[in-house]
$ cat work_32.txt   # compact mmCIF, C-alpha atoms
# COMPACT_ATOMS: atom_id res chain seq x y z
CA MET A 1 59.20 70.02 206.50
CA LEU A 2 57.16 72.93 205.18
CA PHE A 3 60.18 75.18 205.48
CA THR A 4 62.33 72.73 203.60
CA PHE A 5 59.82 72.46 200.70
CA ARG A 6 59.51 76.23 200.32
CA ARG A 7 63.27 76.62 200.37
CA TRP A 8 63.55 74.01 197.59
CA ILE A 9 60.98 75.87 195.49
CA GLY A 10 62.93 79.13 195.83
CA LEU A 11 66.20 77.48 195.07
CA SER A 12 64.69 75.87 191.94
CA LEU A 13 63.44 79.21 190.65
CA PHE A 14 66.85 80.75 191.27
CA LEU A 15 68.61 77.96 189.40
CA PHE A 16 66.24 77.75 186.39
CA LEU A 17 65.64 81.52 185.86
CA PRO A 18 68.71 81.97 183.58
CA PHE A 19 67.51 79.10 181.38
CA ILE A 20 64.05 80.68 181.08
CA LEU A 21 65.57 84.05 180.02
CA TRP A 22 67.91 82.30 177.55
CA ALA A 23 64.93 80.54 175.95
CA CYS A 24 63.11 83.86 175.51
CA ASP A 25 66.17 85.43 173.85
CA LEU A 26 66.49 82.43 171.53
CA ALA A 27 62.87 82.78 170.45
CA VAL A 28 63.38 86.48 169.64
CA LEU A 29 66.54 85.77 167.60
CA THR A 30 64.82 82.97 165.70
CA GLU A 31 61.92 85.28 164.78
CA ALA A 32 64.34 87.99 163.63
CA ASN A 33 66.23 85.57 161.36
CA GLN A 34 63.00 84.41 159.77
CA HIS A 35 61.88 88.02 159.09
CA PRO A 36 65.07 90.09 158.57
CA THR A 37 63.22 93.18 157.32
CA LEU A 38 61.70 93.62 160.72
CA THR A 39 65.01 94.33 162.41
CA GLY A 40 68.01 96.49 161.51
CA PRO A 41 68.18 99.53 159.16
CA THR A 42 66.38 99.35 155.79
CA GLU A 43 68.65 99.89 152.69
CA SER A 44 67.70 103.12 150.92
CA ALA A 45 67.61 103.66 147.16
CA GLN A 46 70.52 106.10 147.52
CA ASP A 47 72.72 103.29 148.82
CA THR A 48 72.12 101.19 145.67
CA PRO A 49 74.69 101.85 142.89
CA ALA A 50 73.14 103.30 139.71
CA ALA A 51 73.18 100.95 136.74
CA VAL A 52 75.80 101.89 134.14
CA PRO A 53 74.36 101.79 130.59
CA THR A 54 76.05 99.12 128.51
CA GLN A 55 77.75 100.27 125.31
CA GLN A 56 78.83 98.84 121.99
CA GLU A 57 82.29 99.49 120.60
CA TYR A 58 83.20 100.45 117.03
CA THR A 59 86.68 100.66 115.52
CA ASN A 60 87.47 102.14 112.11
CA GLN A 61 90.90 100.89 111.07
CA ASP A 62 90.74 102.70 107.71
CA PHE A 63 90.68 106.16 109.24
CA GLY A 64 92.15 105.42 112.64
CA TYR A 65 89.61 105.87 115.42
CA SER A 66 87.46 103.98 117.90
CA LEU A 67 84.37 104.94 119.91
CA SER A 68 81.42 103.57 121.84
CA TYR A 69 77.69 104.11 121.45
CA PRO A 70 74.72 103.03 123.62
CA ASP A 71 73.54 99.45 123.58
CA GLY A 72 70.33 99.02 121.60
CA TYR A 73 71.24 101.70 119.07
CA GLU A 74 72.39 100.72 115.57
CA LEU A 75 75.37 101.65 113.42
CA GLN A 76 75.39 101.63 109.62
CA SER A 77 78.36 102.22 107.32
CA SER A 78 78.07 102.00 103.55
CA PHE A 79 81.54 103.52 103.01
CA PRO A 80 84.62 103.46 105.26
CA HIS A 81 84.77 107.22 105.72
CA THR A 82 81.17 107.62 106.97
CA VAL A 83 79.20 105.96 109.78
CA LEU A 84 75.56 106.58 110.76
CA PHE A 85 74.05 106.05 114.22
CA LEU A 86 70.38 105.13 114.53
CA ALA A 87 68.02 105.17 117.52
CA PRO A 88 66.66 101.78 118.71
CA PRO A 89 64.64 99.88 116.06
CA ARG A 90 61.18 100.52 117.51
CA THR A 91 61.67 104.28 117.58
CA PRO A 92 58.95 105.93 115.44
CA GLY A 93 59.84 108.24 112.55
CA HIS A 94 63.35 108.96 111.37
CA ARG A 95 65.91 107.21 113.54
CA GLU A 96 69.05 109.08 112.48
CA ARG A 97 70.64 110.62 115.58
CA ALA A 98 74.29 111.12 114.55
CA TRP A 99 76.82 110.56 111.80
CA LEU A 100 80.59 110.84 111.57
CA THR A 101 82.58 111.61 108.44
CA ALA A 102 86.36 111.40 108.13
CA GLU A 103 87.86 113.56 105.37
CA PHE A 104 91.10 115.15 104.26
CA SER A 105 92.32 118.30 106.00
CA SER A 106 95.35 120.47 105.36
CA GLU A 107 94.55 122.57 108.44
CA GLN A 108 96.49 122.06 111.66
CA ASN A 109 93.40 122.26 113.86
CA ALA A 110 89.64 122.41 113.50
CA ALA A 111 89.16 126.11 114.23
CA TRP A 112 88.76 127.02 110.53
CA TYR A 113 85.95 124.52 109.99
CA ALA A 114 84.00 125.61 113.05
CA THR A 115 84.40 129.29 112.16
CA HIS A 116 83.31 128.65 108.58
CA ALA A 117 80.22 126.68 109.67
CA ARG A 118 79.24 129.36 112.18
CA ASP A 119 79.66 132.17 109.65
CA GLU A 120 77.68 130.27 107.00
CA ASN A 121 74.74 129.92 109.41
CA ALA A 122 75.07 133.17 111.37
CA ASN A 123 72.05 134.96 109.90
CA LEU A 124 69.55 132.13 109.60
CA GLY A 125 67.46 132.89 112.67
CA THR A 126 68.93 130.71 115.43
CA GLU A 127 71.32 131.51 118.26
CA ILE A 128 74.32 129.26 117.68
CA THR A 129 76.22 128.09 120.76
CA SER A 130 79.93 127.27 120.74
CA SER A 131 82.44 125.60 123.03
CA VAL A 132 85.80 123.83 122.94
CA GLN A 133 86.95 120.70 124.76
CA VAL A 134 89.87 118.29 124.45
CA LEU A 135 89.27 114.77 123.13
CA ASP A 136 92.21 112.39 123.24
CA GLY A 137 94.66 115.27 123.10
CA GLU A 138 92.99 117.19 120.27
CA GLN A 139 90.79 120.28 120.51
CA ALA A 140 87.17 119.61 119.59
CA TYR A 141 85.20 122.65 118.42
CA ILE A 142 81.49 122.25 119.17
CA LEU A 143 78.65 124.27 117.62
CA GLY A 144 75.11 123.85 118.90
CA ARG A 145 71.67 124.65 117.47
CA LEU A 146 72.87 125.00 113.90
CA PRO A 147 69.95 125.47 111.49
CA GLY A 148 69.02 122.80 108.99
CA GLN A 149 66.24 120.32 108.36
CA ASP A 150 66.59 119.79 112.13
CA LEU A 151 68.50 121.91 114.60
CA ASN A 152 71.81 120.10 114.89
CA ARG A 153 75.02 119.99 116.91
CA GLN A 154 78.32 119.66 115.07
CA VAL A 155 81.78 118.74 116.32
CA PHE A 156 85.01 119.36 114.40
CA ILE A 157 88.31 117.63 115.29
CA VAL A 158 91.52 117.45 113.24
CA HIS A 159 94.08 114.72 113.88
CA THR A 160 97.06 113.83 111.66
CA GLY A 161 95.61 115.32 108.49
CA ILE A 162 92.05 114.07 108.93
CA LEU A 163 88.99 116.13 109.81
CA TYR A 164 86.59 114.14 111.99
CA HIS A 165 83.23 115.84 111.52
CA LEU A 166 80.34 114.71 113.72
CA THR A 167 76.71 115.82 113.45
CA PHE A 168 74.03 115.11 116.08
CA VAL A 169 70.25 115.61 115.59
CA PRO A 170 67.94 117.00 116.81
CA ASP A 171 69.59 119.60 119.06
CA ASP A 172 66.22 120.75 120.37
CA PRO A 173 64.88 119.87 123.87
CA ALA A 174 61.32 120.43 122.62
CA ARG A 175 61.69 117.20 120.60
CA GLY A 176 61.43 115.14 123.80
CA GLU A 177 62.53 111.52 123.40
CA GLU A 178 64.36 112.22 120.12
CA TYR A 179 66.45 114.85 121.88
CA ARG A 180 67.20 112.49 124.80
CA GLN A 181 68.32 109.83 122.35
CA MET A 182 70.59 112.35 120.64
CA GLU A 183 72.10 113.34 124.00
CA ALA A 184 72.73 109.67 124.84
CA ILE A 185 74.64 109.18 121.57
CA TYR A 186 76.51 112.46 122.06
CA ALA A 187 77.61 111.61 125.62
CA ALA A 188 78.74 108.11 124.63
CA ILE A 189 80.77 109.19 121.60
CA MET A 190 82.32 112.27 123.16
CA GLY A 191 83.31 110.26 126.22
CA SER A 192 84.94 107.43 124.28
CA LEU A 193 86.41 108.74 121.00
CA ARG A 194 90.05 107.71 120.66
CA PHE A 195 92.55 107.95 117.80
CA LEU A 196 94.51 104.87 116.74
CA PRO A 197 98.28 105.06 116.18
CA GLU A 198 97.92 103.63 112.66
CA ARG A 199 95.32 103.61 109.90
CA ARG A 200 94.89 101.60 106.70
CA ALA A 201 93.69 104.36 104.33
CA ALA A 202 96.54 106.62 103.31
CA GLN A 203 94.33 109.24 101.65
CA PRO A 204 90.94 110.27 103.04
CA PRO A 205 88.46 111.87 100.63
CA VAL A 206 86.93 115.34 100.74
CA THR A 207 83.17 115.23 101.31
CA ASP A 208 82.13 118.73 102.41
CA MET A 209 81.70 121.39 99.70
CA GLY A 210 83.06 124.17 101.91
CA ASN A 211 86.15 122.12 102.63
CA MET A 212 86.54 121.24 98.94
CA ILE A 213 86.48 124.92 97.93
CA HIS A 214 88.93 125.76 100.71
CA GLU A 215 91.39 123.01 99.72
CA LEU A 216 91.18 123.77 96.01
CA GLU A 217 91.72 127.49 96.55
CA ARG A 218 94.77 126.76 98.71
CA ALA A 219 96.25 124.31 96.18
CA LEU A 220 95.77 126.68 93.23
CA ASN A 221 97.16 129.73 95.00
CA ALA A 222 100.18 127.72 96.14
CA ARG A 223 100.63 126.33 92.60
CA SER A 224 100.89 122.93 94.29
CA ALA A 225 100.87 120.06 91.80
CA GLU A 226 100.51 117.60 94.67
CA GLY A 227 97.61 119.53 96.18
CA ILE A 228 95.80 119.77 92.84
CA ALA A 229 96.37 116.07 92.07
CA ARG A 230 94.79 115.12 95.40
CA LEU A 231 91.54 116.81 94.36
CA LEU A 232 91.26 115.56 90.76
CA GLY A 233 89.35 112.59 89.40
CA ASP A 234 90.40 110.21 86.65
CA GLU A 235 89.35 112.61 83.87
CA PHE A 236 89.43 116.40 83.70
CA VAL A 237 87.53 118.62 81.24
CA LEU A 238 89.17 121.92 80.32
CA GLY A 239 87.23 124.33 78.14
CA GLU A 240 86.26 127.87 77.29
CA LEU A 241 82.90 129.62 77.61
CA ASN A 242 82.21 131.56 74.44
CA PRO A 243 78.70 133.06 74.18
CA ALA A 244 79.46 134.15 70.59
CA THR A 245 79.30 130.55 69.34
CA ALA A 246 76.17 128.48 68.87
CA GLU A 247 77.33 125.83 71.33
CA GLY A 248 78.47 128.42 73.88
CA VAL A 249 81.39 126.27 74.98
CA THR A 250 84.39 124.40 73.60
CA TYR A 251 86.31 121.81 75.61
CA ALA A 252 88.68 118.85 75.62
CA ARG A 253 89.22 115.96 78.01
CA TYR A 254 92.54 115.22 79.74
CA GLY A 255 94.06 112.80 82.19
CA PRO A 256 95.20 114.10 85.60
CA ALA A 257 98.89 114.55 84.73
CA ASP A 258 98.20 116.49 81.50
CA SER A 259 95.54 118.67 83.12
CA ILE A 260 97.85 119.66 86.00
CA ARG A 261 100.57 120.69 83.54
CA LEU A 262 98.10 122.78 81.50
CA ILE A 263 96.65 124.48 84.57
CA LEU A 264 100.05 125.41 86.01
CA ASP A 265 101.57 126.49 82.68
CA ASN A 266 98.63 128.22 80.97
CA HIS A 267 95.93 129.07 83.50
CA LEU A 268 97.63 130.39 86.63
CA SER A 269 99.75 133.47 87.13
CA PRO A 270 103.20 133.18 88.74
CA ASN A 271 101.65 134.55 91.94
CA PRO A 272 97.97 133.66 91.79
CA SER A 273 95.42 135.18 94.14
CA LEU A 274 92.31 133.29 93.15
CA ALA A 275 89.03 133.60 95.00
CA LEU A 276 86.54 130.75 94.64
CA LEU A 277 82.91 131.83 95.12
CA TYR A 278 80.03 129.45 95.85
CA HIS A 279 77.10 131.87 96.11
CA VAL A 280 76.92 133.61 92.74
CA ASP A 281 74.25 135.09 90.50
CA TRP A 282 74.63 132.43 87.83
CA ALA A 283 72.18 134.20 85.52
CA SER A 284 74.95 136.73 84.86
CA ILE A 285 77.51 134.04 83.92
CA PRO A 286 77.55 132.46 80.45
CA GLY A 287 76.62 128.81 80.56
CA SER A 288 74.65 126.95 83.21
CA LEU A 289 74.15 123.46 84.54
CA ASP A 290 72.11 122.85 81.40
CA THR A 291 75.24 123.70 79.40
CA TYR A 292 77.20 121.08 81.34
CA SER A 293 74.52 118.39 81.32
CA GLY A 294 75.70 117.15 77.94
CA ILE A 295 79.32 117.23 79.06
CA PHE A 296 78.71 115.37 82.35
CA PRO A 297 75.63 113.22 81.71
CA GLY A 298 74.19 111.54 84.79
CA GLU A 299 76.68 113.22 87.15
CA VAL A 300 75.96 115.42 90.15
CA VAL A 301 77.97 118.59 89.52
CA THR A 302 78.21 121.98 91.25
CA PRO A 303 79.62 125.14 89.63
CA ILE A 304 82.03 127.40 91.53
CA LEU A 305 83.16 130.78 90.17
CA ALA A 306 86.93 131.43 90.17
CA LYS A 307 87.89 135.11 90.04
CA GLY A 308 91.47 136.03 89.09
CA TRP A 309 91.91 133.16 86.65
CA GLY A 310 94.47 133.16 83.81
CA PRO A 311 98.15 134.08 83.52
CA ASN A 312 97.28 137.76 83.84
CA VAL A 313 94.57 137.27 86.51
CA ALA A 314 92.13 139.05 84.15
CA ASP A 315 89.77 136.15 83.52
CA GLU A 316 87.19 134.13 85.36
CA ALA A 317 86.48 130.43 85.21
CA VAL A 318 83.63 128.18 86.17
CA ILE A 319 85.10 125.41 88.30
CA VAL A 320 82.97 122.25 88.20
CA ILE A 321 82.95 120.03 91.29
CA ALA A 322 81.46 116.52 90.97
CA ARG A 323 80.25 114.12 93.66
CA ARG A 324 80.81 110.37 93.57
CA VAL A 325 78.30 107.79 94.76
CA ASP A 326 80.22 107.46 98.03
CA SER A 327 79.59 111.23 98.64
CA SER A 328 83.25 112.20 98.06
CA LEU A 329 84.01 115.26 95.91
CA PHE A 330 86.53 115.84 93.13
CA TRP A 331 87.48 118.57 90.68
CA ARG A 332 85.81 117.66 87.39
CA GLY A 333 86.60 120.54 85.07
CA ALA A 334 87.20 124.25 84.42
CA PHE A 335 85.62 126.52 81.77
CA VAL A 336 87.33 129.84 81.18
CA LEU A 337 85.52 133.10 80.50
CA GLN A 338 88.17 135.43 79.08
CA GLY A 339 88.08 139.14 79.81
CA ALA A 340 85.24 138.71 82.28
CA SER A 341 83.94 141.61 84.29
CA THR A 342 81.39 139.96 86.55
CA PRO A 343 80.77 142.15 89.61

$ encode --input "work_32.txt" --output "structure tokens"
Amino acid sequence: MLFTFRRWIGLSLFLFLPFILWACDLAVLTEANQHPTLTGPTESAQDTPAAVPTQQEYTNQDFGYSLSYPDGYELQSSFPHTVLFLAPPRTPGHRERAWLTAEFSSEQNAAWYATHARDENANLGTEITSSVQVLDGEQAYILGRLPGQDLNRQVFIVHTGILYHLTFVPDDPARGEEYRQMEAIYAAIMGSLRFLPERRAAQPPVTDMGNMIHELERALNARSAEGIARLLGDEFVLGELNPATAEGVTYARYGPADSIRLILDNHLSPNPSLALLYHVDWASIPGSLDTYSGIFPGEVVTPILAKGWGPNVADEAVIVIARRVDSSLFWRGAFVLQGASTP
């Protein structure tokens, strides 16, 4: 009887042992499911995809382009040819970080504009950087650390007769958060700028003085009525500087068509070779902005000296460029100094 009882105990342990082990495994699995971080590999930060900054889109149908800029930044546009990008609203101080201007260009690419800007700023104490990259099939010429109120980065692109001129500020890592904001705008715009197949505005303005002088010089030397007409306003003043008279100047006002005919017939040689000069010692030239203040009251005007004026290329003329409230430029008038010998 004793033998039989012991054999039953052994047989029972043999039969129930698998159930005991299964219950232990079930308890372990239940604990693991309740506390998953205790078992298995922990996900590292490197395995988590980086968040992609959201962006806002802007399309300018007038001058045929689209781009994106970082979410939280602001865009302002008082006129179709110019847009301004601002840092987020709570940014202290000036929030301007970039602006884009679309203007007329007769150049085939942007190399001339970049070269001109670099030469104009070459001796002003900063080391200007330069590079070229392709944006939507067009070459973009990039100049960095240009001097100004702030060090700035400028980009020049020409597409179908329009110069797209971008300026980014400040291009100075020492400016900390302002510089990082500028870089964020720069990366977003340069990575997204695209040109539209059509645009609403048939004729972009000219807004940069260097470009205005360049286009006017080209139009005059080519004797191009179409090129001159593009740069004129609604009224043109044609006169003569005469220091022998009390007034010092005589002039008359003309409409665009009459002024073009007079310029081509009476003021340009058959093969003109005019040079338009911006930086001049105006003390040596008869007349001044004070002379013109009565002629152009309330207007913002800039004098440019034209050498080689007249049918015999023996004269000089003061070319007057005016600026409209939308920042566009136009040719306002010309005042001839006959027989000039300004050095």

$ atom_distance --input "work_32.txt" --atom1 "atom CA of A:Glu316" --atom2 "atom CA of A:Leu337"
5.2 Å

$ residues_around --input "work_32.txt" --residues "A:Gly137" --least-positions-apart "5" --cutoff "10 Å" --atoms "only C-alpha atoms" --output "list in words"
His159, Arg194 and Phe195 of chain A

$ closest_residue --input "work_32.txt" --among "A:Ala317, A:Ala87, A:Ile260, A:Ala201" --to "A:Gly227" --atoms "all atoms listed in the file"
A:Ile260

$ residues_around --input "work_32.txt" --residues "A:Ala202" --least-positions-apart "5" --cutoff "12 Å" --atoms "all atoms listed in the file" --output "ChimeraX atom specification"
/A:61-64,103-104,160-162,230

$ closest_residue --input "work_32.txt" --among "A:Leu196, A:Pro303, A:Phe335, A:Thr291" --to "A:Ala252" --atoms "all atoms listed in the file"
A:Phe335

$ residues_near_point --input "work_32.txt" --point "(87.3, 109.3, 122.2)" --cutoff "9 Å" --atoms "all atoms listed in the file" --output "MDAnalysis selection string"
chainID A and resid 65:68 135:136 188:195

$ closest_residue --input "work_32.txt" --among "A:Pro197, A:Gly308, A:Pro270, A:Gly233" --to "A:Tyr254" --atoms "all atoms listed in the file"
A:Gly233

$ atom_distance --input "work_32.txt" --atom1 "atom CA of A:Glu177" --atom2 "atom CA of A:Trp99"
18.4 Å

$ residues_around --input "work_32.txt" --residues "stretch 211-223 of chain A" --least-positions-apart "4" --cutoff "7 Å" --atoms "all atoms listed in the file" --output "PyMOL selection string"
chain A and resi 206+227-228+264+272-276

$ atom_distance --input "work_32.txt" --atom1 "atom CA of A:Asp172" --atom2 "atom CA of A:Gln55"
24.0 Å

$ residues_around --input "work_32.txt" --residues "A:Val158" --least-positions-apart "5" --cutoff "10 Å" --atoms "all atoms listed in the file" --output "PyMOL selection string"
chain A and resi 102-111+113+138-141+163-165

$ residues_around --input "work_32.txt" --residues "A:Gln76" --least-positions-apart "5" --cutoff "8 Å" --atoms "all atoms listed in the file" --output "PDB file with C-alpha atoms, in the frame of the given file"
ATOM      1  CA  VAL A  83      79.200 105.960 109.780  1.00  0.00           C
ATOM      2  CA  LEU A  84      75.560 106.580 110.760  1.00  0.00           C
ATOM      3  CA  PHE A  85      74.050 106.050 114.220  1.00  0.00           C
ATOM      4  CA  LEU A  86      70.380 105.130 114.530  1.00  0.00           C
TER       5      LEU A  86
END

$ closest_residue --input "work_32.txt" --among "A:Asp315, A:Asp281, A:Asp290, A:Asp150" --to "A:Leu268" --atoms "only C-alpha atoms"
A:Asp315

$ axis_aligned_box --input "work_32.txt" --around "stretch 170-181 of chain A" --padding-each-side "8 Å" --output "AutoDock Vina command-line options"
--center_x 65.5 --center_y 115.3 --center_z 120.8 --size_x 24.3 --size_y 26.9 --size_z 24.0

$ closest_residue --input "work_32.txt" --among "A:Asn242, A:Ala229, A:Glu178, A:Met209" --to "A:Thr302" --atoms "only C-alpha atoms"
A:Met209

$ residues_near_point --input "work_32.txt" --point "(95.3, 120.2, 83.2)" --cutoff "10 Å" --atoms "only C-alpha atoms" --output "list in words"
Ile228, Ala229, Leu232, Glu235, Phe236, Val237, Leu238, Arg253, Tyr254, Gly255, Pro256, Ala257, Asp258, Ser259, Ile260, Arg261, Leu262, Ile263, Leu264, Asp265, Asn266, His267, Gly333 and Ala334 of chain A

$ decode --input "work_32.txt" --residues "stretch 147-176 of chain A" --atoms "N, CA and C atoms" --output "CSV table (one decimal), in the first residue's frame"
chain,number,residue,atom,x,y,z
A,147,PRO,N,28.9,94.7,-48.1
A,147,PRO,CA,28.8,95.8,-47.1
A,147,PRO,C,27.5,96.6,-47.3
A,148,GLY,N,27.0,97.1,-46.2
A,148,GLY,CA,25.8,97.9,-46.2
A,148,GLY,C,25.4,98.3,-44.8
A,149,GLN,N,24.2,98.7,-44.5
A,149,GLN,CA,23.8,98.9,-43.1
A,149,GLN,C,24.0,97.7,-42.3
A,150,ASP,N,23.7,96.5,-42.9
A,150,ASP,CA,24.1,95.2,-42.4
A,150,ASP,C,24.9,94.4,-43.5
A,151,LEU,N,25.8,93.6,-43.1
A,151,LEU,CA,26.4,92.7,-44.1
A,151,LEU,C,25.2,91.9,-44.7
A,152,ASN,N,25.2,91.7,-46.0
A,152,ASN,CA,24.1,91.1,-46.7
A,152,ASN,C,24.5,90.1,-47.8
A,153,ARG,N,23.7,89.2,-48.1
A,153,ARG,CA,23.9,88.2,-49.2
A,153,ARG,C,22.9,88.5,-50.3
A,154,GLN,N,23.4,88.6,-51.5
A,154,GLN,CA,22.5,88.9,-52.6
A,154,GLN,C,22.6,87.9,-53.7
A,155,VAL,N,21.4,87.6,-54.3
A,155,VAL,CA,21.3,86.6,-55.4
A,155,VAL,C,20.7,87.2,-56.6
A,156,PHE,N,21.3,87.0,-57.7
A,156,PHE,CA,20.9,87.5,-59.0
A,156,PHE,C,20.5,86.4,-60.0
A,157,ILE,N,19.3,86.4,-60.5
A,157,ILE,CA,18.8,85.4,-61.5
A,157,ILE,C,18.1,86.2,-62.6
A,158,VAL,N,18.3,85.8,-63.8
A,158,VAL,CA,17.6,86.4,-65.0
A,158,VAL,C,16.8,85.3,-65.6
A,159,HIS,N,15.5,85.5,-65.9
A,159,HIS,CA,14.7,84.6,-66.5
A,159,HIS,C,13.7,85.3,-67.4
A,160,THR,N,13.7,85.0,-68.7
A,160,THR,CA,12.7,85.6,-69.7
A,160,THR,C,12.6,87.1,-69.5
A,161,GLY,N,13.7,87.8,-69.5
A,161,GLY,CA,13.7,89.3,-69.5
A,161,GLY,C,13.4,89.9,-68.1
A,162,ILE,N,13.5,89.2,-67.1
A,162,ILE,CA,13.3,89.7,-65.7
A,162,ILE,C,14.5,89.3,-64.8
A,163,LEU,N,15.0,90.3,-64.1
A,163,LEU,CA,16.0,90.1,-63.1
A,163,LEU,C,15.3,89.9,-61.8
A,164,TYR,N,15.5,88.7,-61.2
A,164,TYR,CA,15.0,88.4,-59.8
A,164,TYR,C,16.2,88.7,-58.9
A,165,HIS,N,16.1,89.7,-58.1
A,165,HIS,CA,17.2,90.2,-57.2
A,165,HIS,C,16.7,90.0,-55.8
A,166,LEU,N,17.4,89.1,-55.1
A,166,LEU,CA,17.1,88.8,-53.7
A,166,LEU,C,18.2,89.3,-52.8
A,167,THR,N,17.8,89.8,-51.6
A,167,THR,CA,18.8,90.3,-50.6
A,167,THR,C,18.4,89.6,-49.3
A,168,PHE,N,19.4,89.1,-48.6
A,168,PHE,CA,19.2,88.5,-47.3
A,168,PHE,C,20.1,89.2,-46.2
A,169,VAL,N,19.5,89.5,-45.0
A,169,VAL,CA,20.3,90.1,-44.0
A,169,VAL,C,19.9,89.5,-42.6
A,170,PRO,N,20.9,89.5,-41.7
A,170,PRO,CA,22.3,89.9,-41.8
A,170,PRO,C,23.1,88.7,-42.2
A,171,ASP,N,24.1,88.8,-43.1
A,171,ASP,CA,25.0,87.8,-43.4
A,171,ASP,C,26.2,87.8,-42.5
A,172,ASP,N,26.0,87.6,-41.3
A,172,ASP,CA,27.0,87.7,-40.2
A,172,ASP,C,26.7,86.7,-39.1
A,173,PRO,N,27.5,85.6,-39.0
A,173,PRO,CA,27.2,84.7,-37.9
A,173,PRO,C,27.3,85.3,-36.5
A,174,ALA,N,28.0,86.4,-36.3
A,174,ALA,CA,28.1,87.0,-35.0
A,174,ALA,C,26.8,87.5,-34.5
A,175,ARG,N,25.8,87.7,-35.4
A,175,ARG,CA,24.5,88.2,-35.1
A,175,ARG,C,23.6,87.2,-34.5
A,176,GLY,N,24.1,85.9,-34.3
A,176,GLY,CA,23.3,84.9,-33.5
A,176,GLY,C,22.0,84.6,-34.1
